[in-house]
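Chemist: The structure is given below, and queries will be raised subsequently.
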Amino acid sequence: MRAAWLELDLEAYRGNLRALAEYTGRPVLAVVKANAYGHGMVRMAQSALEVGEAGCCGVAVALPEEGAELRETGQTGRIVVLGLALEEQAGLLVEHNLEAVVTRPEVLEAFAEAAARTGRRARVHVKVDTGMSRVGVDPEEALAFCRRVRDTPSLDLAGVLTHFACAEEEDQASMREQWDRFEPLLRELQSWPARPLLHAANSAAALWFPPARLDWVRCGLVTYGVSPAPRPLPVPVRPVAALRGRVVQVREIPAGRSVSYGATWTAERRTRLALVPLGYGDGYPWALGNLGEAILRGQRVPIRGRVCMDQLLLDVTDLPPVEPGEVATFIGCQGDECISVENIADLAGTIPYEVLTRFAARLPRVPVNGACYNGG
């Protein structure tokens, strides 16, 4: 195995799904798009579906190809494709029993034809644009569109949804405006004898806006133990990922010597530097050169010089002699010290979503149970 890796606490992930389902009173549609936010889509989807329908009603991806990959690796649970599909992808979705989000008549017709050819009924969800202004059917047109789906013999209206633009904000005015646009449609659909599933809540809305919980909650970031907003979480979740690397070399440089590309840091004293083969090619932010820290022997040590594509340097001068093979933690806990994904995002000037989804395929994912955040 490589000398840098991402640990995945699968026990924490499953526990997070159960905790969210208990807190919201609704099953979780576990969002595993973008390689499960960098954690590894196939493994995390399997773990989610092991929770059972009371805690996890299925998984969601962004692309038809992601859903097809899950089917091809043996996943038999419910898979919803949240991103819009093209007409030519209708056959792929029907073939793999994937539920699609639709907003255009042309795509609806393509799904109906693909399903009719195979003798199946395709499950589709109608997305309503209540203020995100990205994709969706206008609220005034949504009821007619839903009726069209319902009345098409080869289609099942599986769900109707919307998405909030500002769910992370403490000021809920924008979210309430969107909710007010969505609610008349909800009332009408709830009167149907065989009504579709209704869903609106992403992680933040599931946590802080109870009306939007509806039939299930669509949670992504918080299922991985990361907060979608800089405020206390109302439900106990545990971080799933820990980023670690082994020291492969330790050497001393004299005072006055500069370090790495661009000579952005110069030693003011005789300095011991530990080399770890982890870099921006693995997804660790380049922006953390001379800013980031790692935890080694339970103590924080600074990164010196730039984060390179494949390696970086830690200043271990103030530690007892460090040997090759010792483990440094870049995200996670070691001893009493912890570095969170949120910490990394703040320092790098980005959002937690980007920190996680940057993790490259070449970074091994190592499943553990209960060990990820207790020192590794």
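Residue numbering restarts at 1 for every chain of the structure tokens, chains are lettered A, B, ... in their displayed order, and ligands are numbered from 1 as they appear.
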Set the distance at 6 Å and use only C-alpha atoms: which residues neighbour segment 33-42 of chain A once local chain neighbours fewer than 6 positions away are removed? I'd like the list as a short mmCIF file (atom, residue, chain, number, x, y, z; two decimals) with C-alpha atoms, in the first residue's frame.

Modeler:
```cif
data_model
loop_
_atom_site.label_atom_id
_atom_site.label_comp_id
_atom_site.auth_asym_id
_atom_site.auth_seq_id
_atom_site.Cartn_x
_atom_site.Cartn_y
_atom_site.Cartn_z
CA VAL A 61 -25.98 9.91 -7.64
CA ALA A 62 -25.58 12.78 -10.07
CA LEU A 356 -13.50 16.00 0.07
CA THR A 357 -14.21 15.68 -3.65
CA PHE A 359 -9.33 13.27 -3.10
#
```

Chemist: Might you pull out every residue within 9 Å of Gln299 of chain A, with only C-alpha atoms counted and same-chain residues fewer than 2 positions away left off, and present them as a VMD selection string?

Modeler: chain A and resid 294 to 297 301 319 334 to 337

Chemist: Within 10 Å of segment 361-367 of chain A, which residues of segment 215-281 of chain A come that close, and what is the closest atom pair and distance in Å for each? Count only C-alpha atoms and give it as a tab-separated table.

Modeler:
```
residue	atom	partner	partner_atom	distance
A:Val240	CA	A:Pro367	CA	9.8
A:Ala241	CA	A:Arg365	CA	9.2
A:Ala242	CA	A:Val366	CA	9.7
A:Leu243	CA	A:Arg365	CA	9.5
A:Leu278	CA	A:Leu363	CA	9.0
A:Gly281	CA	A:Arg362	CA	8.6
```

Chemist: Please list as a PyMOL selection string every residue within 12 Å of segment 169-172 of chain A, counting only C-alpha atoms and excluding residues in the same chain fewer than 3 positions away.

Modeler: chain A and resi 164-166+175-179+204-205+207-210+228-232

Chemist: Smallest atom-to-atom distance to Pro321 of chain A: which of A:Asn343, A:Thr152, A:Asn202, A:Gln249, using only C-alpha atoms?

Modeler: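 That would be A:Gln249, the residue with the smallest distance to Pro321 of chain A.
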
Chemist: Might you pull out every residue within 12 Å of Thr130 of chain A, with only C-alpha atoms counted and same-chain residues fewer than 2 positions away left off, and present them as a PyMOL selection string?

Modeler: chain A and resi 127-128+132-142+161-166+174-185+200

Chemist: Since we have the selection now, will you write its residues out, keeping C-alpha atoms, as a PDB file, in the first residue's frame?

Modeler:
```pdb
ATOM      1  CA  LYS A 127     -38.086  18.626 -10.216  1.00  0.00           C
ATOM      2  CA  VAL A 128     -39.725  21.980  -9.526  1.00  0.00           C
ATOM      3  CA  MET A 132     -32.728  27.955  -7.285  1.00  0.00           C
ATOM      4  CA  SER A 133     -33.030  29.114 -10.926  1.00  0.00           C
ATOM      5  CA  ARG A 134     -30.868  26.262 -12.129  1.00  0.00           C
ATOM      6  CA  VAL A 135     -33.077  23.439 -13.407  1.00  0.00           C
ATOM      7  CA  GLY A 136     -36.699  22.509 -12.962  1.00  0.00           C
ATOM      8  CA  VAL A 137     -40.280  22.977 -14.047  1.00  0.00           C
ATOM      9  CA  ASP A 138     -41.842  26.316 -13.102  1.00  0.00           C
ATOM     10  CA  PRO A 139     -44.265  25.937 -10.177  1.00  0.00           C
ATOM     11  CA  GLU A 140     -47.163  27.153 -12.333  1.00  0.00           C
ATOM     12  CA  GLU A 141     -46.520  24.355 -14.844  1.00  0.00           C
ATOM     13  CA  ALA A 142     -45.548  21.615 -12.406  1.00  0.00           C
ATOM     14  CA  LEU A 161     -38.861  17.432  -5.514  1.00  0.00           C
ATOM     15  CA  THR A 162     -37.313  20.852  -5.189  1.00  0.00           C
ATOM     16  CA  HIS A 163     -33.941  22.112  -4.015  1.00  0.00           C
ATOM     17  CA  PHE A 164     -33.077  25.040  -1.750  1.00  0.00           C
ATOM     18  CA  ALA A 165     -30.538  27.691  -2.720  1.00  0.00           C
ATOM     19  CA  CYS A 166     -29.757  28.995   0.778  1.00  0.00           C
ATOM     20  CA  SER A 174     -35.065  32.724   1.197  1.00  0.00           C
ATOM     21  CA  MET A 175     -35.874  29.135   2.069  1.00  0.00           C
ATOM     22  CA  ARG A 176     -39.338  30.057   3.284  1.00  0.00           C
ATOM     23  CA  GLU A 177     -39.998  31.901   0.023  1.00  0.00           C
ATOM     24  CA  GLN A 178     -39.094  28.771  -1.904  1.00  0.00           C
ATOM     25  CA  TRP A 179     -41.200  26.660   0.413  1.00  0.00           C
ATOM     26  CA  ASP A 180     -44.202  28.931  -0.139  1.00  0.00           C
ATOM     27  CA  ARG A 181     -43.865  28.382  -3.901  1.00  0.00           C
ATOM     28  CA  PHE A 182     -43.673  24.613  -3.455  1.00  0.00           C
ATOM     29  CA  GLU A 183     -46.399  24.125  -0.850  1.00  0.00           C
ATOM     30  CA  PRO A 184     -49.484  24.612  -3.097  1.00  0.00           C
ATOM     31  CA  LEU A 185     -48.243  21.812  -5.350  1.00  0.00           C
ATOM     32  CA  ALA A 200     -36.965  18.698  -0.668  1.00  0.00           C
TER      33      ALA A 200
END
```

Chemist: Please identify all polymer residues within 9 Å of segment 2-4 of chain A, counting only C-alpha atoms, omitting same-chain residues fewer than 5 positions from it, and present them as a list of chain:residue names.

Modeler: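 Answer for this query is A:Leu243, A:Arg244, A:Gly245, A:Arg246, A:Val247, A:Val248, A:Val276, A:Pro277, A:Leu278, A:Asp282, A:Gly325, A:Val327, A:Leu363, A:Pro364.
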
Chemist: Which one is closest to Ala360 of chain A: A:Glu293, A:Asp129, A:Glu66, A:Asp310? Count only C-alpha atoms.

Modeler: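 The answer is A:Asp310, which sits nearest to Ala360 of chain A.
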
Chemist: I'd like to know which of A:Gly298, A:Gly58, A:Gly67, A:Pro105 is closest to Arg148 of chain A, using only C-alpha atoms.

Modeler: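 Going through A:Gly298, A:Gly58, A:Gly67, A:Pro105 one by one, the smallest distance to Arg148 of chain A is for A:Pro105.
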
Chemist: Per residue of segment 230-335 of chain A within 7 Å of segment 348-352 of chain A, which atom pair is closest and at what distance in Å (one decimal), using only C-alpha atoms, listed by chain and increasing number, as JSON lines?

Modeler:
```
{"residue": "A:Pro285", "atom": "CA", "partner": "A:Ala348", "partner_atom": "CA", "distance": 6.8}
{"residue": "A:Ala287", "atom": "CA", "partner": "A:Ala348", "partner_atom": "CA", "distance": 5.5}
{"residue": "A:Leu288", "atom": "CA", "partner": "A:Ala348", "partner_atom": "CA", "distance": 6.1}
```

Chemist: Could the residues in this selection be saved with N, CA, C and O atoms as a CSV table (one decimal), in the first residue's frame?

Modeler:
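The new file selection_19.csv reads:
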```csv
chain,number,residue,atom,x,y,z
A,285,PRO,N,-4.8,20.3,-0.5
A,285,PRO,CA,-4.8,21.6,-1.1
A,285,PRO,C,-3.4,22.2,-1.3
A,285,PRO,O,-2.7,22.3,-0.3
A,287,ALA,N,-2.9,25.2,-1.6
A,287,ALA,CA,-3.0,26.5,-0.9
A,287,ALA,C,-2.5,26.4,0.5
A,287,ALA,O,-2.2,27.4,1.2
A,288,LEU,N,-2.3,25.2,1.0
A,288,LEU,CA,-1.8,25.0,2.4
A,288,LEU,C,-0.3,25.0,2.6
A,288,LEU,O,0.2,24.7,3.7
```

Chemist: Pull the strand (DSSP E) assignments for segment 29-269 of chain A out of DSSP run on the backbone, and list those residues as a ChimeraX atom specification.

Modeler: /A:29-31,56-61,79-84,99-102,122-127,155-161,197-199,217-219,241-246,249-253,258-259,265-266

Chemist: Selected residues, N, CA and C atoms, written as a short mmCIF file (atom, residue, chain, number, x, y, z; two decimals), in the first residue's frame, please.

Modeler:
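This went into out.cif:
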```cif
data_model
loop_
_atom_site.label_atom_id
_atom_site.label_comp_id
_atom_site.auth_asym_id
_atom_site.auth_seq_id
_atom_site.Cartn_x
_atom_site.Cartn_y
_atom_site.Cartn_z
N LEU A 29 -32.17 9.34 2.01
CA LEU A 29 -31.66 9.01 0.69
C LEU A 29 -30.20 9.44 0.70
N ALA A 30 -29.30 8.48 0.80
CA ALA A 30 -27.87 8.77 1.00
C ALA A 30 -27.23 9.20 -0.32
N VAL A 31 -26.70 10.41 -0.35
CA VAL A 31 -26.13 10.95 -1.58
C VAL A 31 -24.68 10.49 -1.69
N CYS A 56 -32.13 4.13 5.79
CA CYS A 56 -31.65 4.53 4.46
C CYS A 56 -32.55 3.89 3.41
N CYS A 57 -33.28 4.73 2.70
CA CYS A 57 -34.25 4.23 1.72
C CYS A 57 -33.64 4.00 0.34
N GLY A 58 -32.37 4.37 0.15
CA GLY A 58 -31.72 4.22 -1.13
C GLY A 58 -30.55 5.18 -1.22
N VAL A 59 -29.95 5.23 -2.40
CA VAL A 59 -28.82 6.13 -2.61
C VAL A 59 -29.09 7.01 -3.82
N ALA A 60 -28.39 8.15 -3.87
CA ALA A 60 -28.55 9.09 -4.98
C ALA A 60 -27.20 9.41 -5.57
N VAL A 61 -27.18 9.53 -6.89
CA VAL A 61 -25.98 9.91 -7.64
C VAL A 61 -26.33 11.11 -8.50
N ILE A 79 -31.85 3.50 -6.52
CA ILE A 79 -30.83 4.46 -6.96
C ILE A 79 -31.53 5.58 -7.73
N VAL A 80 -31.39 6.80 -7.23
CA VAL A 80 -31.98 7.97 -7.86
C VAL A 80 -30.88 8.80 -8.49
N VAL A 81 -31.04 9.17 -9.75
CA VAL A 81 -30.08 10.02 -10.46
C VAL A 81 -30.58 11.45 -10.37
N LEU A 82 -29.90 12.27 -9.57
CA LEU A 82 -30.38 13.63 -9.31
C LEU A 82 -30.08 14.59 -10.46
N GLY A 83 -29.01 14.36 -11.19
CA GLY A 83 -28.68 15.22 -12.32
C GLY A 83 -29.58 14.93 -13.51
N LEU A 84 -29.77 15.93 -14.35
CA LEU A 84 -30.64 15.74 -15.51
C LEU A 84 -29.99 14.86 -16.56
N GLU A 99 -33.81 5.59 -11.24
CA GLU A 99 -34.86 6.60 -11.19
C GLU A 99 -34.29 7.95 -11.63
N ALA A 100 -34.95 8.59 -12.55
CA ALA A 100 -34.40 9.80 -13.17
C ALA A 100 -35.20 11.03 -12.77
N VAL A 101 -34.52 12.15 -12.71
CA VAL A 101 -35.16 13.46 -12.53
C VAL A 101 -35.40 14.06 -13.91
N VAL A 102 -36.63 14.48 -14.18
CA VAL A 102 -36.96 15.04 -15.49
C VAL A 102 -37.60 16.41 -15.32
N ALA A 122 -40.78 2.99 -16.25
CA ALA A 122 -39.65 3.78 -15.76
C ALA A 122 -40.11 4.71 -14.65
N ARG A 123 -39.33 4.72 -13.56
CA ARG A 123 -39.63 5.63 -12.45
C ARG A 123 -38.96 6.97 -12.69
N VAL A 124 -39.74 8.05 -12.61
CA VAL A 124 -39.17 9.37 -12.79
C VAL A 124 -39.62 10.29 -11.66
N HIS A 125 -38.80 11.29 -11.40
CA HIS A 125 -39.09 12.32 -10.42
C HIS A 125 -39.15 13.66 -11.14
N VAL A 126 -40.13 14.46 -10.84
CA VAL A 126 -40.28 15.79 -11.45
C VAL A 126 -39.67 16.82 -10.51
N LYS A 127 -38.73 17.59 -11.03
CA LYS A 127 -38.09 18.63 -10.22
C LYS A 127 -38.74 19.97 -10.51
N LEU A 155 -44.69 4.98 -17.62
CA LEU A 155 -43.97 5.76 -16.60
C LEU A 155 -44.66 5.67 -15.25
N ASP A 156 -43.86 5.71 -14.21
CA ASP A 156 -44.36 5.87 -12.85
C ASP A 156 -43.86 7.19 -12.31
N LEU A 157 -44.75 8.00 -11.78
CA LEU A 157 -44.34 9.24 -11.12
C LEU A 157 -43.87 8.85 -9.72
N ALA A 158 -42.58 8.62 -9.60
CA ALA A 158 -42.03 8.13 -8.34
C ALA A 158 -41.90 9.23 -7.31
N GLY A 159 -41.60 10.46 -7.76
CA GLY A 159 -41.37 11.51 -6.79
C GLY A 159 -41.49 12.90 -7.40
N VAL A 160 -41.64 13.87 -6.53
CA VAL A 160 -41.63 15.29 -6.91
C VAL A 160 -40.75 15.99 -5.90
N LEU A 161 -39.87 16.84 -6.38
CA LEU A 161 -38.86 17.43 -5.51
C LEU A 161 -38.58 18.87 -5.87
N LEU A 197 -43.77 10.20 -3.98
CA LEU A 197 -42.95 10.60 -2.85
C LEU A 197 -42.57 12.06 -3.01
N LEU A 198 -42.55 12.79 -1.92
CA LEU A 198 -42.25 14.21 -1.95
C LEU A 198 -40.96 14.44 -1.17
N HIS A 199 -40.03 15.17 -1.77
CA HIS A 199 -38.75 15.39 -1.08
C HIS A 199 -38.15 16.73 -1.45
N VAL A 217 -35.32 12.47 3.44
CA VAL A 217 -34.36 13.57 3.39
C VAL A 217 -33.18 13.14 2.53
N ARG A 218 -32.73 14.06 1.66
CA ARG A 218 -31.62 13.78 0.75
C ARG A 218 -30.34 14.35 1.38
N CYS A 219 -29.59 13.52 2.06
CA CYS A 219 -28.42 14.01 2.79
C CYS A 219 -27.13 13.51 2.16
N ALA A 241 -13.92 10.19 7.27
CA ALA A 241 -12.61 10.11 6.61
C ALA A 241 -11.49 10.65 7.49
N ALA A 242 -10.35 10.00 7.41
CA ALA A 242 -9.12 10.50 8.02
C ALA A 242 -8.00 10.35 6.99
N LEU A 243 -7.24 11.40 6.79
CA LEU A 243 -6.16 11.41 5.82
C LEU A 243 -4.83 11.29 6.55
N ARG A 244 -4.07 10.25 6.21
CA ARG A 244 -2.82 10.01 6.91
C ARG A 244 -1.70 9.69 5.91
N GLY A 245 -0.46 9.87 6.35
CA GLY A 245 0.69 9.53 5.53
C GLY A 245 1.88 9.17 6.40
N ARG A 246 2.75 8.32 5.88
CA ARG A 246 3.94 7.90 6.62
C ARG A 246 5.14 8.76 6.23
N GLN A 249 11.31 10.02 4.94
CA GLN A 249 12.70 10.51 5.07
C GLN A 249 12.72 11.64 6.10
N VAL A 250 13.78 11.70 6.88
CA VAL A 250 14.00 12.82 7.79
C VAL A 250 15.42 13.32 7.56
N ARG A 251 15.55 14.64 7.37
CA ARG A 251 16.88 15.20 7.18
C ARG A 251 16.95 16.59 7.80
N GLU A 252 18.16 17.03 8.08
CA GLU A 252 18.37 18.35 8.66
C GLU A 252 18.89 19.31 7.60
N ILE A 253 18.46 20.57 7.73
CA ILE A 253 19.01 21.62 6.89
C ILE A 253 19.54 22.73 7.79
N SER A 258 16.67 27.51 2.04
CA SER A 258 15.28 27.59 1.61
C SER A 258 14.75 26.21 1.24
N VAL A 259 13.43 26.12 1.17
CA VAL A 259 12.78 24.83 1.04
C VAL A 259 11.84 24.79 -0.16
N TRP A 265 9.93 29.34 1.84
CA TRP A 265 10.21 29.32 3.28
C TRP A 265 11.71 29.09 3.48
N THR A 266 12.28 29.86 4.39
CA THR A 266 13.71 29.76 4.68
C THR A 266 13.89 29.49 6.17
#
```

Chemist: For a test of reading the model, state the distance in Å between atom CA of Ala112 of chain A and atom CA of Glu87 of chain A, rounded to one decimal.

Modeler: 10.6 Å

Chemist: Measuring atom to atom with only C-alpha atoms, identify which of A:Val222, A:Leu313, A:Ala194, A:Val322 is nearest to Ala12 of chain A.

Modeler: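 Closest to Ala12 of chain A of all the choices is A:Val222.
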
Chemist: For Val237 of chain A, which of A:Phe111, A:Trp192, A:Trp5, A:Tyr23 is the closest residue, counting only C-alpha atoms?

Modeler: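 Among the listed residues, A:Tyr23 lies closest to Val237 of chain A.
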
Chemist: Return the single residue from A:Pro236, A:Ala274, A:Leu312, A:His96 that is closest to Ser260 of chain A, with distances computed using only C-alpha atoms.

Modeler: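 Smallest separation from Ser260 of chain A among the options: A:Leu312.
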
Chemist: If you run DSSP on the backbone here, which positions in segment 115-322 of chain A get alpha helix (DSSP H)? Please write them as a ChimeraX atom specification.

Modeler: /A:115-118,139-150,173-190,203-208

Chemist: Please provide the set of residues having any atom within 10 Å of Leu86 of chain A, restricted to only C-alpha atoms, with same-chain residues fewer than 6 positions apart removed, written as a tab-separated table (two decimals) with all heavy atoms, in the first residue's frame.

Modeler:
```
chain	number	residue	atom	x	y	z
A	64	PRO	N	-26.09	9.31	-14.74
A	64	PRO	CA	-26.54	7.96	-15.07
A	64	PRO	C	-25.40	6.94	-15.03
A	64	PRO	O	-25.59	5.80	-14.61
A	64	PRO	CB	-27.09	8.11	-16.49
A	64	PRO	CG	-27.49	9.55	-16.60
A	64	PRO	CD	-26.48	10.30	-15.77
A	102	VAL	N	-36.63	14.48	-14.18
A	102	VAL	CA	-36.96	15.04	-15.49
A	102	VAL	C	-37.60	16.41	-15.32
A	102	VAL	O	-38.29	16.68	-14.33
A	102	VAL	CB	-37.91	14.12	-16.28
A	102	VAL	CG1	-37.24	12.80	-16.62
A	102	VAL	CG2	-39.20	13.86	-15.52
A	104	ARG	N	-38.09	18.23	-18.74
A	104	ARG	CA	-38.42	18.63	-20.10
A	104	ARG	C	-39.29	17.58	-20.78
A	104	ARG	O	-39.04	16.38	-20.64
A	104	ARG	CB	-37.14	18.83	-20.92
A	104	ARG	CG	-36.29	20.01	-20.48
A	104	ARG	CD	-35.21	20.31	-21.52
A	104	ARG	NE	-34.22	19.25	-21.63
A	104	ARG	CZ	-33.94	18.59	-22.75
A	104	ARG	NH1	-34.61	18.87	-23.87
A	104	ARG	NH2	-33.01	17.65	-22.76
A	106	GLU	N	-39.31	16.59	-23.84
A	106	GLU	CA	-38.56	15.75	-24.77
A	106	GLU	C	-37.92	14.57	-24.04
A	106	GLU	O	-37.89	13.44	-24.54
A	106	GLU	CB	-37.46	16.56	-25.47
A	106	GLU	CG	-37.98	17.76	-26.26
A	106	GLU	CD	-38.01	19.03	-25.43
A	106	GLU	OE1	-38.18	18.95	-24.19
A	106	GLU	OE2	-37.87	20.11	-26.02
A	107	VAL	N	-37.38	14.84	-22.85
A	107	VAL	CA	-36.76	13.76	-22.07
A	107	VAL	C	-37.82	12.80	-21.56
A	107	VAL	O	-37.63	11.57	-21.54
A	107	VAL	CB	-35.93	14.35	-20.91
A	107	VAL	CG1	-35.36	13.24	-20.04
A	107	VAL	CG2	-34.82	15.24	-21.45
A	110	ALA	N	-38.64	10.46	-24.26
A	110	ALA	CA	-37.57	9.49	-24.47
A	110	ALA	C	-37.63	8.38	-23.43
A	110	ALA	O	-37.42	7.20	-23.75
A	110	ALA	CB	-36.21	10.20	-24.41
A	111	PHE	N	-37.93	8.73	-22.19
A	111	PHE	CA	-38.04	7.72	-21.14
A	111	PHE	C	-39.24	6.82	-21.39
A	111	PHE	O	-39.16	5.60	-21.21
A	111	PHE	CB	-38.16	8.38	-19.76
A	111	PHE	CG	-36.83	8.67	-19.15
A	111	PHE	CD1	-36.27	9.93	-19.22
A	111	PHE	CD2	-36.13	7.67	-18.49
A	111	PHE	CE1	-35.04	10.19	-18.66
A	111	PHE	CE2	-34.90	7.92	-17.93
A	111	PHE	CZ	-34.35	9.19	-18.01
```
